[in-house]
$ cat protein_12.pdb   # PDB, C-alpha atoms
MODEL        1
ATOM      1  CA  MET B1095     -19.415  25.021  -5.766
ATOM      2  CA  ASN B1096     -21.193  26.300  -2.689
ATOM      3  CA  LEU B1097     -24.689  25.991  -1.273
ATOM      4  CA  GLN B1098     -26.071  28.749  -3.476
ATOM      5  CA  GLU B1099     -24.986  26.824  -6.598
ATOM      6  CA  SER B1100     -26.065  23.389  -5.359
ATOM      7  CA  LEU B1101     -29.478  21.942  -5.936
ATOM      8  CA  TYR B1102     -28.896  18.712  -4.069
ATOM      9  CA  ILE B1103     -27.130  19.064  -0.709
ATOM     10  CA  SER B1104     -27.602  21.275   2.285
ATOM     11  CA  PHE B1105     -24.941  23.603   3.611
ATOM     12  CA  GLU B1106     -24.485  21.301   6.638
ATOM     13  CA  ARG B1107     -24.013  18.245   4.434
ATOM     14  CA  GLU B1108     -21.554  20.105   2.222
ATOM     15  CA  LYS B1109     -19.594  21.152   5.302
ATOM     16  CA  LEU B1110     -19.589  17.586   6.650
ATOM     17  CA  LEU B1111     -18.407  16.196   3.312
ATOM     18  CA  ARG B1112     -15.604  18.735   3.050
ATOM     19  CA  SER B1113     -14.428  17.938   6.594
ATOM     20  CA  TYR B1114     -14.411  14.201   5.816
ATOM     21  CA  MET B1115     -12.522  14.452   2.539
ATOM     22  CA  PRO B1116      -8.726  14.464   2.674
ATOM     23  CA  SER B1117      -6.870  17.653   1.861
ATOM     24  CA  ASN B1118      -5.211  17.893  -1.552
ATOM     25  CA  VAL B1119      -1.847  16.937  -0.041
ATOM     26  CA  GLN B1120      -3.365  13.994   1.834
ATOM     27  CA  ALA B1121      -5.212  12.849  -1.290
ATOM     28  CA  GLU B1122      -1.958  12.945  -3.288
ATOM     29  CA  LYS B1123      -0.146  10.863  -0.660
ATOM     30  CA  LEU B1124      -3.016   8.392  -0.496
ATOM     31  CA  ALA B1125      -3.027   8.068  -4.286
ATOM     32  CA  GLU B1126       0.749   7.458  -4.222
ATOM     33  CA  PHE B1127       0.284   4.757  -1.584
ATOM     34  CA  PHE B1128      -2.336   2.952  -3.655
ATOM     35  CA  ALA B1129      -0.248   3.375  -6.814
ATOM     36  CA  VAL B1130       2.540   1.441  -5.095
ATOM     37  CA  CYS B1131       0.018  -1.289  -4.279
ATOM     38  CA  ALA B1132      -1.164  -1.385  -7.903
ATOM     39  CA  ASP B1133       1.655  -3.717  -8.977
ATOM     40  CA  PRO B1134       0.959  -7.460  -8.504
ATOM     41  CA  THR B1135       4.611  -8.288  -7.770
ATOM     42  CA  ARG B1136       4.766  -5.639  -5.044
ATOM     43  CA  VAL B1137       1.497  -6.947  -3.569
ATOM     44  CA  LYS B1138       2.989 -10.451  -3.430
ATOM     45  CA  ILE B1139       6.181  -9.139  -1.827
ATOM     46  CA  LEU B1140       4.208  -7.196   0.787
ATOM     47  CA  SER B1141       2.050 -10.255   1.479
ATOM     48  CA  ALA B1142       5.125 -12.433   1.956
ATOM     49  CA  LEU B1143       6.703  -9.848   4.269
ATOM     50  CA  ALA B1144       3.507  -9.811   6.329
ATOM     51  CA  MET B1145       4.603 -13.299   7.445
ATOM     52  CA  GLY B1146       7.995 -12.015   8.634
ATOM     53  CA  ASP B1147      11.409 -10.753   7.591
ATOM     54  CA  MET B1148      12.843 -12.131   4.364
ATOM     55  CA  CYS B1149      15.917 -11.693   2.199
ATOM     56  CA  VAL B1150      15.837 -10.980  -1.543
ATOM     57  CA  GLY B1151      16.653 -14.543  -2.549
ATOM     58  CA  ASP B1152      13.876 -16.048  -0.452
ATOM     59  CA  LEU B1153      11.388 -13.451  -1.702
ATOM     60  CA  ALA B1154      12.365 -14.219  -5.307
ATOM     61  CA  LEU B1155      11.757 -17.915  -4.661
ATOM     62  CA  VAL B1156       8.310 -17.539  -3.082
ATOM     63  CA  VAL B1157       7.108 -14.762  -5.394
ATOM     64  CA  GLY B1158       8.396 -16.564  -8.482
ATOM     65  CA  VAL B1159      10.423 -13.788 -10.082
ATOM     66  CA  HIS B1160      14.133 -13.062 -10.520
ATOM     67  CA  GLN B1161      16.144 -11.534  -7.689
ATOM     68  CA  THR B1162      16.790  -8.414  -9.761
ATOM     69  CA  THR B1163      13.031  -7.895 -10.101
ATOM     70  CA  VAL B1164      12.553  -8.323  -6.350
ATOM     71  CA  SER B1165      15.428  -5.917  -5.629
ATOM     72  CA  HIS B1166      13.923  -3.317  -7.957
ATOM     73  CA  GLN B1167      10.478  -3.648  -6.364
ATOM     74  CA  LEU B1168      11.938  -3.559  -2.843
ATOM     75  CA  LYS B1169      13.694  -0.303  -3.680
ATOM     76  CA  THR B1170      10.349   1.185  -4.709
ATOM     77  CA  LEU B1171       8.681  -0.120  -1.547
ATOM     78  CA  LYS B1172      11.527   1.175   0.611
ATOM     79  CA  ASP B1173      11.527   4.594  -1.088
ATOM     80  CA  LYS B1174       7.789   4.875  -0.390
ATOM     81  CA  GLY B1175       8.299   3.914   3.270
ATOM     82  CA  MET B1176       6.410   0.632   3.088
ATOM     83  CA  VAL B1177       9.335  -1.642   3.958
ATOM     84  CA  THR B1178      12.504  -1.315   5.974
ATOM     85  CA  CYS B1179      15.776  -3.150   5.666
ATOM     86  CA  ARG B1180      18.323  -4.436   8.158
ATOM     87  CA  LYS B1181      21.628  -6.087   7.387
ATOM     88  CA  ILE B1182      23.051  -9.127   9.093
ATOM     89  CA  GLY B1183      26.526  -9.601   7.699
ATOM     90  CA  LYS B1184      26.188  -9.370   3.934
ATOM     91  CA  VAL B1185      22.508 -10.329   3.832
ATOM     92  CA  SER B1186      19.745  -7.715   3.824
ATOM     93  CA  TYR B1187      16.442  -8.626   5.442
ATOM     94  CA  TYR B1188      13.293  -6.722   4.601
ATOM     95  CA  ASN B1189      10.149  -6.283   6.649
ATOM     96  CA  LEU B1190       6.966  -4.240   6.610
ATOM     97  CA  SER B1191       7.569  -0.787   8.033
ATOM     98  CA  ASP B1192       4.138  -0.553   9.609
ATOM     99  CA  PRO B1193       1.465  -3.100  10.620
ATOM    100  CA  SER B1194      -1.147  -0.972   8.857
ATOM    101  CA  VAL B1195       0.271  -2.128   5.500
ATOM    102  CA  GLU B1196      -0.721  -5.700   6.371
ATOM    103  CA  SER B1197      -4.135  -4.503   7.565
ATOM    104  CA  ILE B1198      -4.756  -2.720   4.269
ATOM    105  CA  LEU B1199      -3.740  -5.844   2.319
ATOM    106  CA  ASN B1200      -6.117  -7.918   4.457
ATOM    107  CA  VAL B1201      -9.030  -5.543   3.845
ATOM    108  CA  GLY B1202      -8.344  -5.728   0.099
ATOM    109  CA  ALA B1203      -8.141  -9.527   0.199
ATOM    110  CA  GLU B1204     -11.414  -9.762   2.145
ATOM    111  CA  ARG B1205     -13.069  -7.496  -0.414
ATOM    112  CA  ILE B1206     -11.898  -9.665  -3.299
ATOM    113  CA  LEU B1207     -12.886 -12.920  -1.608
ATOM    114  CA  SER B1208     -16.351 -11.683  -0.638
ATOM    115  CA  ALA B1209     -17.192 -10.101  -3.996
ATOM    116  CA  PRO B1210     -19.676 -12.000  -6.155
ATOM    117  CA  ALA B1211     -18.087 -13.825  -9.080
TER     118      ALA B1211
ENDMDL
END
$ encode --input "protein_12.pdb" --output "structure tokens"
Amino acid sequence: MNLQESLYISFEREKLLRSYMPSNVQAEKLAEFFAVCADPTRVKILSALAMGDMCVGDLALVVGVHQTTVSHQLKTLKDKGMVTCRKIGKVSYYNLSDPSVESILNVGAERILSAPA
């Protein structure tokens, strides 16, 4: 739709809106990011990792799920670039790949806590 077809917005506003909106590729990547965050177990894992590096066993304990579940979710998070892994001996420690992941979780938590019941 362009200005000639629109009854509601000006050409300038249309241009501004189009410059603000993400490109199709960016929108796809953003949707993928939020899809990863759509799983409650992954949200809990990310929240725990916001406090510091943790191994699978410790994550399973604090999240309250089996180690195999944590390992599966960590693979998804790692594949999507949200966590990284380092090995010390035979133990793998996971951490958030980017501080912005914690910031996004915090914004979501603030939104939930401030929303009317």
$ residues_around --input "protein_12.pdb" --residues "Met1145 in chain B" --least-positions-apart "3" --cutoff "10 Å" --atoms "all atoms listed in the file" --output "ChimeraX atom specification"
/B:1140-1142,1148,1189-1190,1196
$ resolve_selection --input "protein_12.pdb" --expression "the PyMOL selection byres ((chain B and resi 1143) around 12)" --output "ChimeraX atom specification"
/B:1136-1142,1144-1150,1152-1154,1156-1157,1168,1171,1176-1179,1187-1193,1195-1196,1199
$ atom_distance --input "protein_12.pdb" --atom1 "CA of Ala1203 in chain B" --atom2 "CA of Leu1155 in chain B"
22.1 Å
$ atom_distance --input "protein_12.pdb" --atom1 "CA of Gly1151 in chain B" --atom2 "CA of Val1185 in chain B"
9.6 Å
$ closest_residue --input "protein_12.pdb" --among "B:Ser1197, B:Thr1135, B:Lys1123, B:Thr1162" --to "Lys1174 in chain B" --atoms "all atoms listed in the file"
B:Lys1123
$ closest_residue --input "protein_12.pdb" --among "B:Ser1104, B:Gln1167, B:Gln1161, B:Ser1113" --to "Ala1132 in chain B" --atoms "only C-alpha atoms"
B:Gln1167
$ atom_distance --input "protein_12.pdb" --atom1 "CA of Ser1186 in chain B" --atom2 "CA of Gly1202 in chain B"
28.4 Å
$ axis_aligned_box --input "protein_12.pdb" --around "range 1162-1171 of chain B" --padding-each-side "8 Å" --output "lines of an AutoDock Vina configuration file"
center_x = 12.7
center_y = -3.6
center_z = -5.8
size_x = 24.1
size_y = 25.6
size_z = 24.6
